[in-house]
$ cat run.txt   # compact mmCIF, C-alpha atoms and all ligand atoms
# COMPACT_ATOMS: atom_id res chain seq x y z
CA MET J 13 12.44 18.02 -34.86
CA THR J 14 9.83 19.63 -37.07
CA GLY J 15 7.14 18.53 -39.47
CA SER J 16 9.56 18.66 -42.41
CA ILE J 17 10.97 15.23 -41.52
CA THR J 18 10.55 12.79 -44.36
CA ARG J 19 10.15 9.02 -44.39
CA THR J 20 12.54 8.63 -47.31
CA ASN J 21 15.35 6.12 -47.11
CA ARG J 22 17.79 8.40 -48.91
CA VAL J 23 21.02 8.65 -46.90
CA LEU J 24 23.26 11.69 -46.70
CA VAL J 25 26.92 10.79 -46.17
CA ILE J 26 28.97 13.56 -44.59
CA GLY J 27 32.69 12.95 -45.05
CA ALA J 28 31.98 10.85 -48.18
CA THR J 29 35.42 11.60 -49.62
CA GLY J 30 37.22 10.48 -46.47
CA LYS J 31 38.69 7.16 -45.34
CA VAL J 32 35.42 5.78 -43.91
CA GLY J 33 33.07 7.68 -46.20
CA ARG J 34 34.36 6.25 -49.50
CA HIS J 35 33.79 2.71 -48.22
CA LEU J 36 30.38 3.67 -46.86
CA VAL J 37 29.26 5.11 -50.18
CA ASP J 38 30.24 1.83 -51.90
CA GLU J 39 28.41 -0.25 -49.26
CA LEU J 40 25.23 1.79 -49.58
CA LEU J 41 25.25 1.76 -53.38
CA THR J 42 25.74 -2.01 -53.35
CA ALA J 43 22.76 -2.29 -51.00
CA GLY J 44 20.66 -0.31 -53.47
CA VAL J 45 20.29 2.74 -51.23
CA ALA J 46 19.87 6.24 -52.69
CA VAL J 47 23.09 7.98 -51.63
CA ARG J 48 23.70 11.68 -51.41
CA ALA J 49 27.15 13.04 -50.51
CA LEU J 50 27.88 16.38 -48.90
CA VAL J 51 30.88 17.76 -50.75
CA ARG J 52 32.85 20.97 -50.63
CA ASN J 53 34.31 20.54 -54.10
CA PRO J 54 32.33 18.29 -56.48
CA ALA J 55 35.05 18.43 -59.14
CA LYS J 56 37.53 16.80 -56.76
CA ALA J 57 35.15 14.37 -55.02
CA GLY J 58 35.98 11.36 -57.20
CA LEU J 59 32.91 9.47 -56.01
CA PRO J 60 31.27 6.70 -58.03
CA GLU J 61 28.49 7.22 -60.51
CA GLY J 62 25.10 7.03 -58.92
CA VAL J 63 25.98 9.23 -55.95
CA GLU J 64 24.19 12.55 -55.83
CA LEU J 65 26.68 15.30 -54.97
CA VAL J 66 25.36 18.31 -53.07
CA CYS J 67 27.60 21.17 -52.00
CA GLY J 68 27.79 22.30 -48.40
CA ASP J 69 30.29 23.04 -45.68
CA LEU J 70 30.04 21.95 -42.04
CA ALA J 71 31.89 25.10 -41.06
CA GLU J 72 29.04 27.14 -42.54
CA PRO J 73 25.89 25.47 -41.21
CA ASP J 74 23.60 27.69 -43.32
CA THR J 75 24.93 25.93 -46.44
CA LEU J 76 23.65 22.50 -45.35
CA GLU J 77 19.95 22.93 -46.10
CA PRO J 78 20.02 21.70 -49.76
CA ALA J 79 21.93 18.55 -48.81
CA LEU J 80 19.48 17.73 -46.03
CA GLN J 81 16.27 18.18 -48.01
CA GLY J 82 14.50 14.84 -48.28
CA VAL J 83 16.97 12.59 -46.47
CA GLY J 84 15.97 9.98 -43.91
CA GLY J 85 19.34 9.00 -42.46
CA VAL J 86 22.58 10.93 -42.05
CA PHE J 87 26.10 9.64 -41.50
CA LEU J 88 27.91 12.36 -39.57
CA LEU J 89 31.54 12.87 -38.70
CA TRP J 90 32.94 15.99 -37.13
CA PRO J 91 36.30 16.88 -38.69
CA PHE J 92 37.15 19.75 -36.31
CA PHE J 93 38.95 20.07 -32.99
CA SER J 94 36.22 22.38 -31.65
CA ALA J 95 32.46 21.83 -31.40
CA THR J 96 31.64 25.53 -31.78
CA ASP J 97 29.53 25.21 -34.96
CA ALA J 98 28.14 21.80 -34.06
CA PRO J 99 24.85 22.92 -32.40
CA ARG J 100 23.69 24.57 -35.62
CA VAL J 101 24.70 21.57 -37.69
CA VAL J 102 22.88 19.12 -35.41
CA GLU J 103 19.84 21.41 -35.39
CA ALA J 104 19.80 21.48 -39.19
CA ILE J 105 20.04 17.67 -39.37
CA ALA J 106 17.24 17.27 -36.81
CA LYS J 107 15.01 19.56 -38.87
CA HIS J 108 15.08 17.15 -41.81
CA ALA J 109 16.28 13.65 -40.96
CA ARG J 110 14.97 11.02 -38.59
CA HIS J 111 18.18 9.10 -37.78
CA VAL J 112 21.81 10.16 -37.45
CA VAL J 113 24.73 7.76 -37.23
CA TYR J 114 27.62 9.64 -35.64
CA LEU J 115 31.23 8.48 -35.98
CA SER J 116 32.42 8.95 -32.41
CA SER J 117 35.41 7.64 -30.48
CA MET J 118 36.08 4.65 -28.23
CA GLY J 119 37.58 7.20 -25.83
CA VAL J 120 34.11 8.47 -24.87
CA ARG J 121 33.11 7.19 -21.43
CA ASP J 122 29.57 7.30 -20.11
CA ASP J 123 30.78 8.09 -16.58
CA LEU J 124 32.40 11.36 -17.72
CA SER J 125 30.77 14.66 -18.64
CA PRO J 126 30.42 15.69 -22.31
CA GLU J 127 33.23 18.22 -21.92
CA GLN J 128 35.53 15.64 -20.30
CA ASN J 129 34.92 13.42 -23.33
CA GLY J 130 36.25 16.07 -25.71
CA VAL J 131 34.67 17.04 -29.01
CA TRP J 132 33.21 13.53 -29.49
CA GLY J 133 31.42 13.70 -26.11
CA GLU J 134 30.10 17.16 -26.88
CA LEU J 135 28.70 16.02 -30.25
CA GLU J 136 27.10 12.95 -28.70
CA HIS J 137 25.46 15.10 -26.03
CA MET J 138 24.06 17.57 -28.59
CA ILE J 139 22.69 14.72 -30.70
CA VAL J 140 20.98 13.08 -27.70
CA GLN J 141 19.37 16.42 -26.86
CA SER J 142 18.24 17.02 -30.47
CA GLY J 143 15.29 14.63 -30.56
CA LEU J 144 16.82 12.68 -33.47
CA GLU J 145 17.05 8.91 -33.44
CA TRP J 146 20.77 8.27 -33.07
CA THR J 147 23.38 5.58 -33.14
CA PHE J 148 26.95 6.21 -32.03
CA LEU J 149 29.83 4.31 -33.60
CA ARG J 150 32.55 4.65 -30.98
CA ALA J 151 35.51 3.65 -33.10
CA GLY J 152 38.95 2.76 -31.82
CA GLY J 153 42.06 3.98 -33.60
CA PHE J 154 41.81 3.73 -37.37
CA ALA J 155 44.34 1.55 -39.16
CA GLY J 156 44.57 4.54 -41.49
CA ASN J 157 46.35 6.52 -38.78
CA ALA J 158 49.42 4.61 -40.03
CA LEU J 159 49.28 6.75 -43.18
CA GLU J 160 50.93 9.40 -41.03
CA TRP J 161 54.10 7.25 -41.26
CA ALA J 162 53.95 6.92 -45.06
CA ALA J 163 56.51 9.60 -45.91
CA GLN J 164 59.04 8.12 -43.45
CA ILE J 165 58.47 4.60 -44.77
CA ARG J 166 58.80 5.70 -48.38
CA GLY J 167 61.94 7.67 -47.50
CA THR J 168 64.03 5.49 -45.17
CA GLY J 169 61.80 2.65 -44.00
CA VAL J 170 62.37 3.89 -40.44
CA VAL J 171 59.46 5.37 -38.47
CA ARG J 172 60.79 7.74 -35.80
CA ARG J 173 58.12 8.30 -33.19
CA PRO J 174 57.65 7.76 -29.41
CA TYR J 175 55.75 4.94 -27.68
CA GLY J 176 56.50 2.07 -30.06
CA GLY J 177 55.21 -0.30 -27.36
CA ALA J 178 51.73 1.29 -27.35
CA VAL J 179 49.19 -1.50 -27.97
CA ARG J 180 46.26 -0.70 -30.25
CA SER J 181 43.36 -2.69 -31.69
CA SER J 182 43.29 -0.64 -34.89
CA ILE J 183 40.27 -0.97 -37.15
CA HIS J 184 40.13 -1.03 -40.95
CA GLU J 185 37.96 1.87 -42.10
CA ALA J 186 36.03 -0.50 -44.38
CA ASP J 187 34.76 -2.30 -41.28
CA ILE J 188 33.47 0.92 -39.74
CA ALA J 189 31.70 1.58 -43.03
CA ALA J 190 30.22 -1.92 -43.13
CA VAL J 191 28.73 -1.39 -39.68
CA ALA J 192 27.52 2.11 -40.57
CA ALA J 193 25.77 0.78 -43.67
CA ARG J 194 23.93 -1.87 -41.64
CA VAL J 195 22.94 0.59 -38.96
CA LEU J 196 21.68 3.10 -41.54
CA THR J 197 19.62 0.58 -43.49
CA GLU J 198 18.03 -1.77 -40.95
CA PRO J 199 15.83 -1.03 -37.93
CA GLY J 200 16.74 -1.65 -34.32
CA HIS J 201 19.87 0.44 -33.81
CA ALA J 202 18.39 3.65 -32.37
CA GLY J 203 19.97 4.52 -29.02
CA ALA J 204 22.90 2.11 -29.44
CA LYS J 205 26.51 2.98 -28.68
CA TYR J 206 28.71 0.51 -30.53
CA VAL J 207 32.40 0.22 -29.66
CA LEU J 208 34.20 -0.86 -32.83
CA THR J 209 37.75 -2.23 -32.98
CA GLY J 210 39.91 -4.40 -35.16
CA PRO J 211 40.45 -8.09 -34.38
CA GLU J 212 43.91 -8.00 -32.76
CA GLN J 213 46.17 -6.08 -30.42
CA LEU J 214 49.41 -4.86 -32.01
CA THR J 215 52.06 -2.42 -30.89
CA PHE J 216 52.94 0.52 -33.13
CA ALA J 217 56.27 -1.21 -33.77
CA ASP J 218 54.39 -4.39 -34.84
CA GLN J 219 52.32 -2.32 -37.27
CA VAL J 220 55.42 -0.84 -38.88
CA ARG J 221 56.94 -4.34 -39.26
CA ILE J 222 53.70 -5.62 -40.85
CA ILE J 223 53.64 -2.74 -43.34
CA GLY J 224 57.19 -3.72 -44.32
CA GLU J 225 56.09 -7.32 -44.83
CA ALA J 226 53.15 -6.14 -46.96
CA ILE J 227 55.35 -4.02 -49.22
CA GLY J 228 58.36 -6.37 -49.27
CA ARG J 229 60.79 -3.82 -47.86
CA PRO J 230 62.58 -3.62 -44.50
CA THR J 231 60.86 -1.23 -42.12
CA ARG J 232 61.41 -0.63 -38.44
CA TRP J 233 60.44 1.56 -35.53
CA GLU J 234 62.97 3.92 -33.96
CA GLU J 235 62.04 5.38 -30.62
CA ILE J 236 62.44 9.16 -30.23
CA PRO J 237 61.60 11.38 -27.23
CA ALA J 238 57.97 12.47 -26.97
CA GLU J 239 58.99 16.14 -26.99
CA ALA J 240 60.69 15.81 -30.39
CA ALA J 241 57.61 14.14 -31.85
CA ARG J 242 55.42 16.81 -30.26
CA GLN J 243 57.15 19.51 -32.27
CA GLN J 244 56.73 17.54 -35.52
CA LEU J 245 53.07 16.78 -34.83
CA LEU J 246 52.36 20.39 -33.90
CA ALA J 247 53.83 21.47 -37.23
CA GLU J 248 51.62 18.92 -39.05
CA LEU J 249 48.37 19.19 -37.08
CA GLY J 250 48.52 22.60 -35.42
CA ASP J 251 46.21 21.96 -32.47
CA PRO J 252 48.21 21.67 -29.20
CA GLY J 253 45.27 20.23 -27.26
CA PHE J 254 44.84 17.43 -29.78
CA VAL J 255 48.57 16.69 -30.05
CA ASP J 256 49.09 16.61 -26.27
CA GLY J 257 45.97 14.48 -25.84
CA ALA J 258 47.20 11.99 -28.45
CA LEU J 259 50.69 11.77 -26.92
CA ALA J 260 49.28 11.26 -23.42
CA TYR J 261 46.91 8.58 -24.75
CA TRP J 262 49.70 6.69 -26.57
CA ALA J 263 51.88 6.90 -23.45
CA GLY J 264 49.25 4.96 -21.51
CA LEU J 265 48.69 2.26 -24.13
CA ALA J 266 51.72 0.15 -23.25
CA ASP J 267 50.31 -0.59 -19.79
CA GLN J 268 46.65 -0.35 -20.72
CA PRO J 269 46.22 -1.81 -24.21
CA GLU J 270 43.12 -0.98 -26.21
CA PRO J 271 40.52 -3.74 -25.90
CA VAL J 272 39.24 -5.90 -28.74
CA THR J 273 35.46 -5.97 -29.17
CA HIS J 274 33.36 -8.31 -31.32
CA THR J 275 30.87 -5.70 -32.47
CA VAL J 276 32.02 -5.58 -36.09
CA GLU J 277 31.45 -9.31 -36.54
CA GLN J 278 28.10 -9.17 -34.74
CA LEU J 279 26.82 -6.29 -36.87
CA ALA J 280 28.57 -6.70 -40.22
CA GLY J 281 28.28 -10.49 -40.24
CA ARG J 282 31.96 -11.06 -40.99
CA PRO J 283 35.15 -10.92 -38.91
CA PRO J 284 36.92 -7.57 -38.95
CA ARG J 285 39.82 -7.18 -41.37
CA THR J 286 43.32 -7.54 -39.92
CA PHE J 287 45.98 -4.85 -39.93
CA ARG J 288 47.87 -7.02 -42.42
CA GLU J 289 44.92 -6.78 -44.81
CA TRP J 290 44.79 -3.02 -44.34
CA ALA J 291 48.53 -2.76 -45.09
CA ALA J 292 48.11 -4.82 -48.27
CA ASP J 293 45.18 -2.62 -49.33
CA HIS J 294 47.36 0.49 -48.92
CA ALA J 295 50.72 -0.86 -50.08
CA GLU J 296 50.87 1.63 -52.93
CA THR J 297 50.81 4.58 -50.52
CA PHE J 298 53.89 3.23 -48.75
CA THR J 299 55.89 2.53 -51.90
CA ALA J 300 54.97 4.92 -54.70
CA ARG J 301 56.63 8.27 -55.19
CA PRO J 302 54.24 10.99 -53.92
CA GLU J 303 54.02 12.50 -57.42
CA ASP J 304 52.77 9.15 -58.75
CA LEU J 305 49.93 8.88 -56.24
CA ASP J 306 46.57 10.16 -57.41
CA GLY J 307 44.83 12.95 -55.58
CA HIS J 308 42.58 10.64 -53.58
CA VAL J 309 45.46 8.61 -52.21
CA MET J 310 47.24 11.80 -51.14
CA ALA J 311 44.04 13.15 -49.61
CA ARG J 312 43.70 9.95 -47.57
CA GLU J 313 47.28 10.25 -46.41
CA ASN J 314 46.78 13.81 -45.30
CA GLY J 315 43.37 13.17 -43.78
N1 LIG J 401 41.50 8.45 -36.77
C1 LIG J 401 41.04 7.82 -35.72
O1 LIG J 401 41.74 7.00 -35.10
C2 LIG J 401 39.63 8.10 -35.26
C3 LIG J 401 39.10 7.37 -34.19
C4 LIG J 401 37.78 7.60 -33.81
C5 LIG J 401 37.02 8.57 -34.49
N2 LIG J 401 37.59 9.27 -35.51
C6 LIG J 401 36.78 10.28 -36.21
O2 LIG J 401 36.76 9.97 -37.59
C7 LIG J 401 36.56 11.16 -38.32
C8 LIG J 401 37.42 11.16 -39.56
O3 LIG J 401 36.96 10.15 -40.44
P1 LIG J 401 37.78 9.80 -41.76
O4 LIG J 401 39.18 9.43 -41.34
O5 LIG J 401 36.97 8.86 -42.54
O6 LIG J 401 37.81 11.20 -42.48
P2 LIG J 401 39.05 11.83 -43.30
O7 LIG J 401 39.65 10.77 -44.17
O8 LIG J 401 39.90 12.58 -42.34
O9 LIG J 401 38.28 12.85 -44.24
C9 LIG J 401 37.58 13.96 -43.71
C10 LIG J 401 36.25 14.08 -44.43
O10 LIG J 401 35.54 15.20 -43.88
C11 LIG J 401 35.22 16.08 -44.93
N3 LIG J 401 35.28 17.47 -44.45
C12 LIG J 401 36.32 18.08 -43.87
N4 LIG J 401 36.00 19.35 -43.57
C13 LIG J 401 34.73 19.53 -43.99
C14 LIG J 401 33.83 20.63 -43.97
N5 LIG J 401 34.20 21.82 -43.47
N6 LIG J 401 32.59 20.47 -44.47
C15 LIG J 401 32.21 19.28 -45.02
N7 LIG J 401 33.01 18.20 -45.06
C16 LIG J 401 34.25 18.31 -44.55
C17 LIG J 401 36.28 15.86 -46.00
O11 LIG J 401 35.78 16.29 -47.24
P3 LIG J 401 36.64 17.12 -48.32
O12 LIG J 401 36.78 16.18 -49.49
O13 LIG J 401 35.78 18.30 -48.63
O14 LIG J 401 37.95 17.50 -47.68
C18 LIG J 401 36.43 14.34 -45.92
O15 LIG J 401 35.39 13.70 -46.62
C19 LIG J 401 36.88 12.33 -37.41
O16 LIG J 401 35.70 13.01 -37.11
C20 LIG J 401 37.43 11.66 -36.17
O17 LIG J 401 37.05 12.32 -35.00
C21 LIG J 401 38.87 9.06 -35.92
$ encode --input "run.txt" --output "structure tokens"
Amino acid sequence: MTGSITRTNRVLVIGATGKVGRHLVDELLTAGVAVRALVRNPAKAGLPEGVELVCGDLAEPDTLEPALQGVGGVFLLWPFFSATDAPRVVEAIAKHARHVVYLSSMGVRDDLSPEQNGVWGELEHMIVQSGLEWTFLRAGGFAGNALEWAAQIRGTGVVRRPYGGAVRSSIHEADIAAVAARVLTEPGHAGAKYVLTGPEQLTFADQVRIIGEAIGRPTRWEEIPAEAARQQLLAELGDPGFVDGALAYWAGLADQPEPVTHTVEQLAGRPPRTFREWAADHAETFTARPEDLDGHVMARENG
């Protein structure tokens, strides 16, 4: 860290147009915090009035300087499969800010090396080394991962994927944001690693049934071989390491369900939202014709 660090309470939200970031921006504005958003395309950001938009791109760390000038806290997510550019990004943040809240993953284990913990472990390690105050939000699977099924649900109501018996404790993105807002605006969270989950364990097949109940249409899970899904996911996501990692993880979740933690309630002061609430909040995405959805809904679905 250098002498340019400021004591301002202005918060820079990276990923402000994403599933967590939009909720976080709302939380911070409601709390009266000065919010700046890093955006790649201000015209398409669709963020509320009162947010300062500053252009920059995480893939080009030299572009981040204007967004970091005069901020105290930074909410960071890392939207890439590789950590190659991350050291320069973390260095730039450490030059200006005093506290970073990093959206990590529940999959990170303290008994493994940074590399064994994947891109999330590598980012955490860099941040610890940076001299910044840090807080890690180790989130479990987002409820929003179910948006990946939206086209199938809109089309036939049948979700064809493997591992329908995988048990997850999916978290509503608004609850991650609620915790992030608290951690960014009150003292006492430096050095904490918070594992955040939703309130209940549900199989993938349960989640599909609940979406059907929320939208008033029959929906069901249809099991397909993992290899068939692998080809579809590779076509959608591209990164073989990520796809194979996800499939292997889901395969294990029937026997080793994701745990439920109570961290959201402890930090946000309210119980975490249920998957049923998430499905009701996103019913439109599962029912509307794609051409009728606005750009932000489609961006969330593709995110
Ligand atoms: N899904 C899960 O189950 C899960 C679990 C644990 C942790 N996570 C972590 O959560 C993060 C994703 O959060 P999310 O779902 O809220 O995000 P999201 O909806 O996928 O949106 C991605 C955000 O990142 C921004 N972004 C993408 N590339 C960028 C770049 N080159 N420079 C600057 N900004 C860029 C996007 O902005 P634009 O508007 O410019 O596109 C958007 O705001 C990931 O880092 C993931 O590792 C996910």
$ residues_near_point --input "run.txt" --point "(36.4, -7.1, -42.9)" --cutoff "10 Å" --atoms "all atoms listed in the file" --output "PDB file with C-alpha atoms, in the frame of the given file"
ATOM      1  CA  ILE J 183      40.270  -0.970 -37.150  1.00  0.00           C
ATOM      2  CA  HIS J 184      40.130  -1.030 -40.950  1.00  0.00           C
ATOM      3  CA  GLU J 185      37.960   1.870 -42.100  1.00  0.00           C
ATOM      4  CA  ALA J 186      36.030  -0.500 -44.380  1.00  0.00           C
ATOM      5  CA  ASP J 187      34.760  -2.300 -41.280  1.00  0.00           C
ATOM      6  CA  ILE J 188      33.470   0.920 -39.740  1.00  0.00           C
ATOM      7  CA  ALA J 189      31.700   1.580 -43.030  1.00  0.00           C
ATOM      8  CA  ALA J 190      30.220  -1.920 -43.130  1.00  0.00           C
ATOM      9  CA  GLY J 210      39.910  -4.400 -35.160  1.00  0.00           C
ATOM     10  CA  PRO J 211      40.450  -8.090 -34.380  1.00  0.00           C
ATOM     11  CA  VAL J 276      32.020  -5.580 -36.090  1.00  0.00           C
ATOM     12  CA  GLU J 277      31.450  -9.310 -36.540  1.00  0.00           C
ATOM     13  CA  ALA J 280      28.570  -6.700 -40.220  1.00  0.00           C
ATOM     14  CA  GLY J 281      28.280 -10.490 -40.240  1.00  0.00           C
ATOM     15  CA  ARG J 282      31.960 -11.060 -40.990  1.00  0.00           C
ATOM     16  CA  PRO J 283      35.150 -10.920 -38.910  1.00  0.00           C
ATOM     17  CA  PRO J 284      36.920  -7.570 -38.950  1.00  0.00           C
ATOM     18  CA  ARG J 285      39.820  -7.180 -41.370  1.00  0.00           C
ATOM     19  CA  THR J 286      43.320  -7.540 -39.920  1.00  0.00           C
ATOM     20  CA  GLU J 289      44.920  -6.780 -44.810  1.00  0.00           C
ATOM     21  CA  TRP J 290      44.790  -3.020 -44.340  1.00  0.00           C
TER      22      TRP J 290
END
$ residues_near_ligand --input "run.txt" --ligand "ligand LIG 401 (chain J)" --cutoff "7 Å" --atoms "all atoms listed in the file" --output "VMD selection string"
chain J and resid 26 to 33 50 to 53 57 68 to 71 89 to 92 115 to 118 132 150 to 154 156 to 157 312 315
$ closest_residue --input "run.txt" --among "J:Gly167, J:Arg110, J:Val179, J:Val25" --to "Ser142 (chain J)" --atoms "all atoms listed in the file"
J:Arg110
$ closest_residue --input "run.txt" --among "J:Ala240, J:Ala106, J:Val272, J:Val131" --to "Trp146 (chain J)" --atoms "only C-alpha atoms"
J:Ala106
$ closest_residue --input "run.txt" --among "J:Phe93, J:Phe287, J:Phe216, J:Tyr114" --to "Ala202 (chain J)" --atoms "all atoms listed in the file"
J:Tyr114
$ atom_distance --input "run.txt" --atom1 "CA of Asn21 (chain J)" --atom2 "CA of Thr197 (chain J)"
7.9 Å
$ closest_residue --input "run.txt" --among "J:Pro174, J:Gly200, J:Gly44, J:Pro99" --to "Tyr261 (chain J)" --atoms "only C-alpha atoms"
J:Pro174
$ closest_residue --input "run.txt" --among "J:Glu198, J:Glu77, J:Glu103, J:Glu127" --to "Leu144 (chain J)" --atoms "all atoms listed in the file"
J:Glu103
$ residues_near_point --input "run.txt" --point "(24.0, 10.1, -35.5)" --cutoff "9 Å" --atoms "only C-alpha atoms" --output "list in words"
Gly85, Val86, Phe87, Leu88, Leu89, His111, Val112, Val113, Tyr114, Leu115, Glu136, Ile139, Val140, Leu144, Glu145, Trp146, Thr147, Phe148 and Leu149 of chain J
$ closest_residue --input "run.txt" --among "J:Ile165, J:Leu279, J:Ala238, J:Val191" --to "Phe298 (chain J)" --atoms "all atoms listed in the file"
J:Ile165
$ atom_distance --input "run.txt" --atom1 "CA of Ser181 (chain J)" --atom2 "CA of Gln213 (chain J)"
4.6 Å
